[in-house]
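Next up, start_14.cif (mmCIF, N, CA and C atoms and all ligand atoms):
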data_run
#
loop_
_atom_site.group_PDB
_atom_site.id
_atom_site.type_symbol
_atom_site.label_atom_id
_atom_site.label_comp_id
_atom_site.auth_asym_id
_atom_site.auth_seq_id
_atom_site.Cartn_x
_atom_site.Cartn_y
_atom_site.Cartn_z
ATOM 1 N N MET A 7 11.119 7.957 -14.395
ATOM 2 C CA MET A 7 10.949 9.410 -14.282
ATOM 3 C C MET A 7 9.601 9.749 -13.659
ATOM 4 N N LEU A 8 9.615 10.686 -12.747
ATOM 5 C CA LEU A 8 8.359 11.054 -12.091
ATOM 6 C C LEU A 8 7.658 12.173 -12.852
ATOM 7 N N MET A 9 6.344 12.027 -12.899
ATOM 8 C CA MET A 9 5.542 13.088 -13.496
ATOM 9 C C MET A 9 5.464 14.226 -12.481
ATOM 10 N N PRO A 10 5.648 15.453 -12.921
ATOM 11 C CA PRO A 10 5.568 16.536 -11.945
ATOM 12 C C PRO A 10 4.121 16.947 -11.626
ATOM 13 N N PHE A 11 3.646 16.483 -10.501
ATOM 14 C CA PHE A 11 2.310 16.919 -10.049
ATOM 15 C C PHE A 11 2.529 18.071 -9.077
ATOM 16 N N GLU A 12 1.796 19.133 -9.264
ATOM 17 C CA GLU A 12 1.958 20.248 -8.343
ATOM 18 C C GLU A 12 0.895 20.245 -7.266
ATOM 19 N N LYS A 13 -0.293 19.749 -7.653
ATOM 20 C CA LYS A 13 -1.404 19.702 -6.697
ATOM 21 C C LYS A 13 -2.024 18.312 -6.739
ATOM 22 N N CYS A 14 -2.612 17.913 -5.631
ATOM 23 C CA CYS A 14 -3.310 16.634 -5.567
ATOM 24 C C CYS A 14 -4.575 16.707 -6.424
ATOM 25 N N PRO A 15 -4.767 15.765 -7.368
ATOM 26 C CA PRO A 15 -5.959 15.806 -8.220
ATOM 27 C C PRO A 15 -7.238 15.463 -7.457
ATOM 28 N N VAL A 16 -7.102 14.886 -6.274
ATOM 29 C CA VAL A 16 -8.279 14.507 -5.476
ATOM 30 C C VAL A 16 -8.781 15.682 -4.642
ATOM 31 N N CYS A 17 -7.856 16.312 -3.891
ATOM 32 C CA CYS A 17 -8.313 17.359 -2.965
ATOM 33 C C CYS A 17 -7.665 18.715 -3.224
ATOM 34 N N GLY A 18 -6.703 18.768 -4.156
ATOM 35 C CA GLY A 18 -6.050 20.041 -4.446
ATOM 36 C C GLY A 18 -4.964 20.410 -3.453
ATOM 37 N N GLY A 19 -4.627 19.475 -2.570
ATOM 38 C CA GLY A 19 -3.602 19.732 -1.553
ATOM 39 C C GLY A 19 -2.203 19.706 -2.140
ATOM 40 N N GLU A 20 -1.235 20.048 -1.317
ATOM 41 C CA GLU A 20 0.161 20.079 -1.745
ATOM 42 C C GLU A 20 0.721 18.659 -1.788
ATOM 43 N N VAL A 21 1.517 18.368 -2.802
ATOM 44 C CA VAL A 21 2.121 17.036 -2.886
ATOM 45 C C VAL A 21 3.638 17.129 -2.723
ATOM 46 N N GLN A 22 4.198 16.050 -2.182
ATOM 47 C CA GLN A 22 5.631 16.008 -1.938
ATOM 48 C C GLN A 22 6.166 14.650 -2.369
ATOM 49 N N GLU A 23 7.355 14.648 -2.976
ATOM 50 C CA GLU A 23 7.947 13.393 -3.406
ATOM 51 C C GLU A 23 8.480 12.634 -2.182
ATOM 52 N N LYS A 24 8.054 11.368 -2.077
ATOM 53 C CA LYS A 24 8.461 10.556 -0.931
ATOM 54 C C LYS A 24 8.722 9.125 -1.352
ATOM 55 N N GLU A 25 9.544 8.435 -0.567
ATOM 56 C CA GLU A 25 9.732 7.003 -0.779
ATOM 57 C C GLU A 25 8.616 6.295 -0.019
ATOM 58 N N VAL A 26 7.856 5.455 -0.727
ATOM 59 C CA VAL A 26 6.730 4.773 -0.082
ATOM 60 C C VAL A 26 6.838 3.270 -0.274
ATOM 61 N N GLU A 27 6.141 2.545 0.593
ATOM 62 C CA GLU A 27 6.099 1.099 0.498
ATOM 63 C C GLU A 27 4.821 0.710 -0.224
ATOM 64 N N LYS A 28 4.970 -0.122 -1.252
ATOM 65 C CA LYS A 28 3.804 -0.526 -2.039
ATOM 66 C C LYS A 28 3.642 -2.037 -1.961
ATOM 67 N N LEU A 29 2.422 -2.467 -1.706
ATOM 68 C CA LEU A 29 2.093 -3.885 -1.607
ATOM 69 C C LEU A 29 1.386 -4.300 -2.895
ATOM 70 N N LEU A 30 1.933 -5.316 -3.557
ATOM 71 C CA LEU A 30 1.328 -5.778 -4.803
ATOM 72 C C LEU A 30 0.884 -7.224 -4.648
ATOM 73 N N ARG A 31 -0.275 -7.532 -5.220
ATOM 74 C CA ARG A 31 -0.785 -8.898 -5.172
ATOM 75 C C ARG A 31 -0.971 -9.454 -6.569
ATOM 76 N N GLY A 32 -0.639 -10.747 -6.711
ATOM 77 C CA GLY A 32 -0.908 -11.447 -7.963
ATOM 78 C C GLY A 32 -1.110 -12.907 -7.610
ATOM 79 N N GLY A 33 -2.266 -13.445 -7.966
ATOM 80 C CA GLY A 33 -2.582 -14.808 -7.545
ATOM 81 C C GLY A 33 -2.600 -14.869 -6.034
ATOM 82 N N ASN A 34 -1.887 -15.847 -5.460
ATOM 83 C CA ASN A 34 -1.818 -15.950 -4.006
ATOM 84 C C ASN A 34 -0.591 -15.262 -3.434
ATOM 85 N N HIS A 35 0.178 -14.598 -4.305
ATOM 86 C CA HIS A 35 1.442 -14.031 -3.863
ATOM 87 C C HIS A 35 1.356 -12.528 -3.629
ATOM 88 N N THR A 36 2.220 -12.072 -2.744
ATOM 89 C CA THR A 36 2.286 -10.654 -2.422
ATOM 90 C C THR A 36 3.741 -10.209 -2.522
ATOM 91 N N ALA A 37 3.984 -9.056 -3.090
ATOM 92 C CA ALA A 37 5.330 -8.501 -3.135
ATOM 93 C C ALA A 37 5.313 -7.108 -2.526
ATOM 94 N N VAL A 38 6.379 -6.783 -1.809
ATOM 95 C CA VAL A 38 6.512 -5.463 -1.210
ATOM 96 C C VAL A 38 7.668 -4.750 -1.891
ATOM 97 N N LEU A 39 7.459 -3.536 -2.326
ATOM 98 C CA LEU A 39 8.572 -2.789 -2.907
ATOM 99 C C LEU A 39 8.532 -1.336 -2.473
ATOM 100 N N ARG A 40 9.689 -0.718 -2.529
ATOM 101 C CA ARG A 40 9.792 0.695 -2.169
ATOM 102 C C ARG A 40 9.999 1.496 -3.448
ATOM 103 N N VAL A 41 9.155 2.493 -3.636
ATOM 104 C CA VAL A 41 9.231 3.325 -4.845
ATOM 105 C C VAL A 41 9.041 4.789 -4.472
ATOM 106 N N LEU A 42 9.330 5.651 -5.418
ATOM 107 C CA LEU A 42 9.072 7.071 -5.220
ATOM 108 C C LEU A 42 7.638 7.377 -5.643
ATOM 109 N N ALA A 43 6.976 8.191 -4.887
ATOM 110 C CA ALA A 43 5.626 8.621 -5.242
ATOM 111 C C ALA A 43 5.463 10.071 -4.831
ATOM 112 N N GLU A 44 4.510 10.724 -5.473
ATOM 113 C CA GLU A 44 4.128 12.057 -5.030
ATOM 114 C C GLU A 44 2.989 11.829 -4.045
ATOM 115 N N VAL A 45 3.189 12.216 -2.820
ATOM 116 C CA VAL A 45 2.193 11.959 -1.787
ATOM 117 C C VAL A 45 1.536 13.267 -1.369
ATOM 118 N N CYS A 46 0.202 13.262 -1.348
ATOM 119 C CA CYS A 46 -0.542 14.450 -0.931
ATOM 120 C C CYS A 46 -0.393 14.634 0.575
ATOM 121 N N LEU A 47 0.015 15.820 0.979
ATOM 122 C CA LEU A 47 0.219 16.094 2.399
ATOM 123 C C LEU A 47 -1.108 16.253 3.128
ATOM 124 N N HIS A 48 -2.174 16.442 2.355
ATOM 125 C CA HIS A 48 -3.474 16.670 2.971
ATOM 126 C C HIS A 48 -4.278 15.369 3.117
ATOM 127 N N CYS A 49 -4.473 14.626 2.004
ATOM 128 C CA CYS A 49 -5.335 13.436 2.066
ATOM 129 C C CYS A 49 -4.557 12.123 1.950
ATOM 130 N N GLY A 50 -3.250 12.194 1.676
ATOM 131 C CA GLY A 50 -2.461 10.978 1.622
ATOM 132 C C GLY A 50 -2.510 10.237 0.299
ATOM 133 N N GLU A 51 -3.220 10.783 -0.690
ATOM 134 C CA GLU A 51 -3.293 10.174 -2.022
ATOM 135 C C GLU A 51 -1.883 10.044 -2.608
ATOM 136 N N ARG A 52 -1.624 8.885 -3.229
ATOM 137 C CA ARG A 52 -0.314 8.674 -3.831
ATOM 138 C C ARG A 52 -0.408 8.748 -5.346
ATOM 139 N N LEU A 53 0.523 9.482 -5.951
ATOM 140 C CA LEU A 53 0.557 9.575 -7.405
ATOM 141 C C LEU A 53 1.858 8.952 -7.875
ATOM 142 N N TYR A 54 1.731 8.005 -8.795
ATOM 143 C CA TYR A 54 2.914 7.312 -9.286
ATOM 144 C C TYR A 54 3.215 7.725 -10.719
ATOM 145 N N ALA A 55 4.498 7.709 -11.051
ATOM 146 C CA ALA A 55 4.911 7.958 -12.431
ATOM 147 C C ALA A 55 4.431 6.795 -13.299
ATOM 148 N N GLN A 56 4.251 7.071 -14.595
ATOM 149 C CA GLN A 56 3.784 6.037 -15.525
ATOM 150 C C GLN A 56 4.690 4.812 -15.513
ATOM 151 N N ASP A 57 5.996 5.052 -15.463
ATOM 152 C CA ASP A 57 6.947 3.940 -15.438
ATOM 153 C C ASP A 57 6.783 3.094 -14.183
ATOM 154 N N THR A 58 6.469 3.747 -13.069
ATOM 155 C CA THR A 58 6.263 3.030 -11.818
ATOM 156 C C THR A 58 5.015 2.160 -11.911
ATOM 157 N N VAL A 59 3.950 2.716 -12.488
ATOM 158 C CA VAL A 59 2.706 1.962 -12.658
ATOM 159 C C VAL A 59 2.943 0.756 -13.575
ATOM 160 N N ARG A 60 3.753 0.967 -14.618
ATOM 161 C CA ARG A 60 4.085 -0.138 -15.534
ATOM 162 C C ARG A 60 4.850 -1.232 -14.785
ATOM 163 N N LEU A 61 5.757 -0.806 -13.921
ATOM 164 C CA LEU A 61 6.519 -1.759 -13.106
ATOM 165 C C LEU A 61 5.579 -2.567 -12.208
ATOM 166 N N PHE A 62 4.601 -1.900 -11.610
ATOM 167 C CA PHE A 62 3.619 -2.593 -10.768
ATOM 168 C C PHE A 62 2.928 -3.693 -11.570
ATOM 169 N N GLU A 63 2.518 -3.346 -12.797
ATOM 170 C CA GLU A 63 1.813 -4.316 -13.645
ATOM 171 C C GLU A 63 2.701 -5.522 -13.962
ATOM 172 N N GLN A 64 3.977 -5.237 -14.254
ATOM 173 C CA GLN A 64 4.919 -6.326 -14.558
ATOM 174 C C GLN A 64 5.063 -7.256 -13.367
ATOM 175 N N ILE A 65 5.204 -6.673 -12.185
ATOM 176 C CA ILE A 65 5.393 -7.481 -10.978
ATOM 177 C C ILE A 65 4.137 -8.281 -10.673
ATOM 178 N N ARG A 66 2.956 -7.658 -10.815
ATOM 179 C CA ARG A 66 1.704 -8.378 -10.591
ATOM 180 C C ARG A 66 1.600 -9.577 -11.545
ATOM 181 N N GLY A 67 1.977 -9.354 -12.795
ATOM 182 C CA GLY A 67 1.948 -10.417 -13.799
ATOM 183 C C GLY A 67 2.866 -11.559 -13.426
ATOM 184 N N LYS A 68 4.069 -11.223 -12.950
ATOM 185 C CA LYS A 68 5.024 -12.248 -12.545
ATOM 186 C C LYS A 68 4.500 -13.044 -11.359
ATOM 187 N N LEU A 69 3.877 -12.342 -10.425
ATOM 188 C CA LEU A 69 3.320 -13.022 -9.254
ATOM 189 C C LEU A 69 2.229 -13.999 -9.693
ATOM 190 N N GLU A 70 1.380 -13.539 -10.610
ATOM 191 C CA GLU A 70 0.289 -14.383 -11.109
ATOM 192 C C GLU A 70 0.814 -15.608 -11.843
ATOM 193 N N ARG A 71 1.865 -15.406 -12.625
ATOM 194 C CA ARG A 71 2.417 -16.515 -13.415
ATOM 195 C C ARG A 71 3.447 -17.325 -12.642
ATOM 196 N N GLN A 72 3.613 -17.020 -11.351
ATOM 197 C CA GLN A 72 4.555 -17.731 -10.480
ATOM 198 C C GLN A 72 6.003 -17.615 -10.952
ATOM 199 N N GLU A 73 6.331 -16.521 -11.633
ATOM 200 C CA GLU A 73 7.730 -16.298 -12.046
ATOM 201 C C GLU A 73 8.443 -15.601 -10.893
ATOM 202 N N LEU A 74 8.827 -16.377 -9.900
ATOM 203 C CA LEU A 74 9.267 -15.790 -8.641
ATOM 204 C C LEU A 74 10.767 -15.901 -8.398
ATOM 205 N N SER A 75 11.519 -16.357 -9.412
ATOM 206 C CA SER A 75 12.945 -16.639 -9.191
ATOM 207 C C SER A 75 13.752 -15.394 -8.808
ATOM 208 N N ASN A 76 13.322 -14.201 -9.247
ATOM 209 C CA ASN A 76 14.075 -12.985 -8.928
ATOM 210 C C ASN A 76 13.641 -12.333 -7.619
ATOM 211 N N PHE A 77 12.600 -12.899 -7.000
ATOM 212 C CA PHE A 77 12.088 -12.285 -5.781
ATOM 213 C C PHE A 77 12.689 -12.934 -4.544
ATOM 214 N N LYS A 78 13.039 -12.102 -3.600
ATOM 215 C CA LYS A 78 13.595 -12.593 -2.347
ATOM 216 C C LYS A 78 12.446 -12.861 -1.374
ATOM 217 N N PRO A 79 12.380 -14.094 -0.842
ATOM 218 C CA PRO A 79 11.289 -14.385 0.092
ATOM 219 C C PRO A 79 11.358 -13.485 1.328
ATOM 220 N N LEU A 80 10.213 -13.077 1.799
ATOM 221 C CA LEU A 80 10.143 -12.151 2.932
ATOM 222 C C LEU A 80 9.138 -12.712 3.940
ATOM 223 N N GLY A 81 9.519 -13.715 4.674
ATOM 224 C CA GLY A 81 8.599 -14.313 5.641
ATOM 225 C C GLY A 81 7.415 -14.942 4.945
ATOM 226 N N GLN A 82 6.409 -15.302 5.673
ATOM 227 C CA GLN A 82 5.223 -15.916 5.095
ATOM 228 C C GLN A 82 4.047 -14.962 5.197
ATOM 229 N N SER A 83 3.077 -15.164 4.326
ATOM 230 C CA SER A 83 1.838 -14.402 4.427
ATOM 231 C C SER A 83 0.760 -15.332 4.961
ATOM 232 N N PHE A 84 -0.126 -14.795 5.740
ATOM 233 C CA PHE A 84 -1.190 -15.599 6.315
ATOM 234 C C PHE A 84 -2.537 -14.975 6.027
ATOM 235 N N ALA A 85 -3.516 -15.824 5.784
ATOM 236 C CA ALA A 85 -4.874 -15.342 5.567
ATOM 237 C C ALA A 85 -5.676 -15.597 6.834
ATOM 238 N N LEU A 86 -6.339 -14.568 7.308
ATOM 239 C CA LEU A 86 -7.203 -14.710 8.485
ATOM 240 C C LEU A 86 -8.649 -14.520 8.044
ATOM 241 N N PRO A 87 -9.579 -15.173 8.751
ATOM 242 C CA PRO A 87 -10.978 -14.966 8.384
ATOM 243 C C PRO A 87 -11.404 -13.531 8.665
ATOM 244 N N PHE A 88 -12.434 -13.113 7.992
ATOM 245 C CA PHE A 88 -12.969 -11.761 8.192
ATOM 246 C C PHE A 88 -13.457 -11.614 9.628
ATOM 247 N N MET A 89 -13.065 -10.541 10.287
ATOM 248 C CA MET A 89 -13.501 -10.305 11.655
ATOM 249 C C MET A 89 -14.106 -8.920 11.740
ATOM 250 N N ALA A 90 -15.269 -8.843 12.324
ATOM 251 C CA ALA A 90 -15.932 -7.553 12.422
ATOM 252 C C ALA A 90 -16.342 -7.276 13.863
ATOM 253 N N PHE A 91 -15.928 -6.150 14.341
ATOM 254 C CA PHE A 91 -16.352 -5.697 15.660
ATOM 255 C C PHE A 91 -17.062 -4.372 15.487
ATOM 256 N N SER A 92 -18.044 -4.145 16.305
ATOM 257 C CA SER A 92 -18.692 -2.842 16.221
ATOM 258 C C SER A 92 -17.779 -1.833 16.902
ATOM 259 N N GLN A 93 -17.851 -0.588 16.466
ATOM 260 C CA GLN A 93 -16.996 0.453 17.034
ATOM 261 C C GLN A 93 -17.252 0.629 18.522
ATOM 262 N N LYS A 94 -18.514 0.517 18.909
ATOM 263 C CA LYS A 94 -18.882 0.656 20.322
ATOM 264 C C LYS A 94 -18.165 -0.377 21.167
ATOM 265 N N GLY A 95 -18.223 -1.633 20.711
ATOM 266 C CA GLY A 95 -17.598 -2.725 21.437
ATOM 267 C C GLY A 95 -16.110 -2.504 21.622
ATOM 268 N N MET A 96 -15.444 -2.061 20.554
ATOM 269 C CA MET A 96 -14.005 -1.854 20.622
ATOM 270 C C MET A 96 -13.654 -0.734 21.577
ATOM 271 N N ARG A 97 -14.456 0.314 21.558
ATOM 272 C CA ARG A 97 -14.156 1.470 22.384
ATOM 273 C C ARG A 97 -14.267 1.121 23.880
ATOM 274 N N SER A 98 -15.316 0.372 24.251
ATOM 275 C CA SER A 98 -15.490 0.059 25.662
ATOM 276 C C SER A 98 -14.398 -0.897 26.139
ATOM 277 N N LEU A 99 -13.926 -1.781 25.242
ATOM 278 C CA LEU A 99 -12.854 -2.697 25.599
ATOM 279 C C LEU A 99 -11.566 -1.922 25.894
ATOM 280 N N GLU A 100 -11.307 -0.928 25.076
ATOM 281 C CA GLU A 100 -10.095 -0.126 25.225
ATOM 282 C C GLU A 100 -10.117 0.641 26.548
ATOM 283 N N VAL A 101 -11.276 1.166 26.885
ATOM 284 C CA VAL A 101 -11.430 1.915 28.128
ATOM 285 C C VAL A 101 -11.178 0.992 29.331
ATOM 286 N N THR A 102 -11.745 -0.205 29.280
ATOM 287 C CA THR A 102 -11.587 -1.164 30.376
ATOM 288 C C THR A 102 -10.106 -1.480 30.609
ATOM 289 N N MET A 103 -9.371 -1.673 29.488
ATOM 290 C CA MET A 103 -7.974 -2.051 29.609
ATOM 291 C C MET A 103 -7.134 -0.906 30.158
ATOM 292 N N THR A 104 -7.483 0.321 29.809
ATOM 293 C CA THR A 104 -6.723 1.477 30.284
ATOM 294 C C THR A 104 -6.923 1.669 31.786
ATOM 295 N N LEU A 105 -8.126 1.363 32.253
ATOM 296 C CA LEU A 105 -8.434 1.590 33.670
ATOM 297 C C LEU A 105 -7.751 0.573 34.595
ATOM 298 N N GLN A 106 -7.384 -0.573 34.076
ATOM 299 C CA GLN A 106 -6.824 -1.604 34.959
ATOM 300 C C GLN A 106 -5.407 -1.322 35.436
HETATM 301 ZN ZN ZN B 1 -5.098 15.175 -1.636
#
Now, as a test, write the supplied structure out as structure tokens.
Amino acid sequence: MLMPFEKCPVCGGEVQEKEVEKLLRGGNHTAVLRVLAEVCLHCGERLYAQDTVRLFEQIRGKLERQELSNFKPLGQSFALPFMAFSQKGMRSLEVTMTLQ
């Protein structure tokens, strides 16, 4: 059951019930699920029902404990090293590519 939020508690904007994709991590595992959330139309803040939050905790726990028998594999996940570019560098690269 969803909690009825009328306004976003962060910015006071209007919220709307939407189906959203949620990424959960536990240990080295990641699970993707689709749930209903109240999404702020202004700042994008997501508000979940208490039952949904409880479900997230259960799934995170299962991922941590490697109880994965009920989960359907969804491709592989890969870890990449941290990469940092300055905004200036990225912007000039984009301009160069557009001009060619
Ligand atoms: Zn908001």
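Nearest to ligand ZN 1 (chain B) of all the residues A:Glu20, A:Glu27, A:Glu12, A:Glu73 is A:Glu20, based on only N, CA and C atoms and all ligand atoms.
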Point to revise | Residues selected by the PyMOL selection byres (((not hetatm) and name CA) within 6 of (chain B and resi 1)), written as a ChimeraX atom specification | key: /A:14,16-19,46,48-51
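The space separating atom CA of Leu47 of chain A from atom N of Leu29 of chain A comes to 19.1 Å.
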Point to revise | Neighbour list for His35 of chain A as a PyMOL selection string, cut-off 8 Å, all atoms listed in the file, skip fewer than 3 positions in-chain | key: chain A and resi 30-32+38+69-70
**Study point:** Backbone-only DSSP, alpha helix (DSSP H) members of chain A, as JSON, numbers by chain
**Key:** {"A": [56, 57, 58, 59, 60, 61, 62, 63, 64, 65, 66, 67, 68, 69, 70, 93, 94, 95, 96, 97, 98, 99, 100, 101, 102, 103, 104, 105]}
Could you write out that same residue set with N, CA and C atoms as an mmCIF file, in the coordinates of the input?
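result_21.cif written:
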data_model
loop_
_atom_site.group_PDB
_atom_site.id
_atom_site.type_symbol
_atom_site.label_atom_id
_atom_site.label_comp_id
_atom_site.auth_asym_id
_atom_site.auth_seq_id
_atom_site.Cartn_x
_atom_site.Cartn_y
_atom_site.Cartn_z
ATOM 1 N N GLN A 56 4.251 7.071 -14.595
ATOM 2 C CA GLN A 56 3.784 6.037 -15.525
ATOM 3 C C GLN A 56 4.690 4.812 -15.513
ATOM 4 N N ASP A 57 5.996 5.052 -15.463
ATOM 5 C CA ASP A 57 6.947 3.940 -15.438
ATOM 6 C C ASP A 57 6.783 3.094 -14.183
ATOM 7 N N THR A 58 6.469 3.747 -13.069
ATOM 8 C CA THR A 58 6.263 3.030 -11.818
ATOM 9 C C THR A 58 5.015 2.160 -11.911
ATOM 10 N N VAL A 59 3.950 2.716 -12.488
ATOM 11 C CA VAL A 59 2.706 1.962 -12.658
ATOM 12 C C VAL A 59 2.943 0.756 -13.575
ATOM 13 N N ARG A 60 3.753 0.967 -14.618
ATOM 14 C CA ARG A 60 4.085 -0.138 -15.534
ATOM 15 C C ARG A 60 4.850 -1.232 -14.785
ATOM 16 N N LEU A 61 5.757 -0.806 -13.921
ATOM 17 C CA LEU A 61 6.519 -1.759 -13.106
ATOM 18 C C LEU A 61 5.579 -2.567 -12.208
ATOM 19 N N PHE A 62 4.601 -1.900 -11.610
ATOM 20 C CA PHE A 62 3.619 -2.593 -10.768
ATOM 21 C C PHE A 62 2.928 -3.693 -11.570
ATOM 22 N N GLU A 63 2.518 -3.346 -12.797
ATOM 23 C CA GLU A 63 1.813 -4.316 -13.645
ATOM 24 C C GLU A 63 2.701 -5.522 -13.962
ATOM 25 N N GLN A 64 3.977 -5.237 -14.254
ATOM 26 C CA GLN A 64 4.919 -6.326 -14.558
ATOM 27 C C GLN A 64 5.063 -7.256 -13.367
ATOM 28 N N ILE A 65 5.204 -6.673 -12.185
ATOM 29 C CA ILE A 65 5.393 -7.481 -10.978
ATOM 30 C C ILE A 65 4.137 -8.281 -10.673
ATOM 31 N N ARG A 66 2.956 -7.658 -10.815
ATOM 32 C CA ARG A 66 1.704 -8.378 -10.591
ATOM 33 C C ARG A 66 1.600 -9.577 -11.545
ATOM 34 N N GLY A 67 1.977 -9.354 -12.795
ATOM 35 C CA GLY A 67 1.948 -10.417 -13.799
ATOM 36 C C GLY A 67 2.866 -11.559 -13.426
ATOM 37 N N LYS A 68 4.069 -11.223 -12.950
ATOM 38 C CA LYS A 68 5.024 -12.248 -12.545
ATOM 39 C C LYS A 68 4.500 -13.044 -11.359
ATOM 40 N N LEU A 69 3.877 -12.342 -10.425
ATOM 41 C CA LEU A 69 3.320 -13.022 -9.254
ATOM 42 C C LEU A 69 2.229 -13.999 -9.693
ATOM 43 N N GLU A 70 1.380 -13.539 -10.610
ATOM 44 C CA GLU A 70 0.289 -14.383 -11.109
ATOM 45 C C GLU A 70 0.814 -15.608 -11.843
ATOM 46 N N GLN A 93 -17.851 -0.588 16.466
ATOM 47 C CA GLN A 93 -16.996 0.453 17.034
ATOM 48 C C GLN A 93 -17.252 0.629 18.522
ATOM 49 N N LYS A 94 -18.514 0.517 18.909
ATOM 50 C CA LYS A 94 -18.882 0.656 20.322
ATOM 51 C C LYS A 94 -18.165 -0.377 21.167
ATOM 52 N N GLY A 95 -18.223 -1.633 20.711
ATOM 53 C CA GLY A 95 -17.598 -2.725 21.437
ATOM 54 C C GLY A 95 -16.110 -2.504 21.622
ATOM 55 N N MET A 96 -15.444 -2.061 20.554
ATOM 56 C CA MET A 96 -14.005 -1.854 20.622
ATOM 57 C C MET A 96 -13.654 -0.734 21.577
ATOM 58 N N ARG A 97 -14.456 0.314 21.558
ATOM 59 C CA ARG A 97 -14.156 1.470 22.384
ATOM 60 C C ARG A 97 -14.267 1.121 23.880
ATOM 61 N N SER A 98 -15.316 0.372 24.251
ATOM 62 C CA SER A 98 -15.490 0.059 25.662
ATOM 63 C C SER A 98 -14.398 -0.897 26.139
ATOM 64 N N LEU A 99 -13.926 -1.781 25.242
ATOM 65 C CA LEU A 99 -12.854 -2.697 25.599
ATOM 66 C C LEU A 99 -11.566 -1.922 25.894
ATOM 67 N N GLU A 100 -11.307 -0.928 25.076
ATOM 68 C CA GLU A 100 -10.095 -0.126 25.225
ATOM 69 C C GLU A 100 -10.117 0.641 26.548
ATOM 70 N N VAL A 101 -11.276 1.166 26.885
ATOM 71 C CA VAL A 101 -11.430 1.915 28.128
ATOM 72 C C VAL A 101 -11.178 0.992 29.331
ATOM 73 N N THR A 102 -11.745 -0.205 29.280
ATOM 74 C CA THR A 102 -11.587 -1.164 30.376
ATOM 75 C C THR A 102 -10.106 -1.480 30.609
ATOM 76 N N MET A 103 -9.371 -1.673 29.488
ATOM 77 C CA MET A 103 -7.974 -2.051 29.609
ATOM 78 C C MET A 103 -7.134 -0.906 30.158
ATOM 79 N N THR A 104 -7.483 0.321 29.809
ATOM 80 C CA THR A 104 -6.723 1.477 30.284
ATOM 81 C C THR A 104 -6.923 1.669 31.786
ATOM 82 N N LEU A 105 -8.126 1.363 32.253
ATOM 83 C CA LEU A 105 -8.434 1.590 33.670
ATOM 84 C C LEU A 105 -7.751 0.573 34.595
#
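Put simply, the PyMOL selection byres (((chain A and resi 28 and name CA) around 12) and not hetatm and name CA) on this file hits Glu25, Val26, Glu27, Leu29, Leu30, Arg31, Thr36, Ala37, Val38, Leu39, Arg40, Val41, Leu42, Ala43, Arg52, Leu53, Tyr54, Thr58, Val59, Leu61, Phe62, Ile65 and Arg66 of chain A.
Between atom N of Asn76 of chain A and atom CA of Gly33 of chain A the separation is 16.0 Å.
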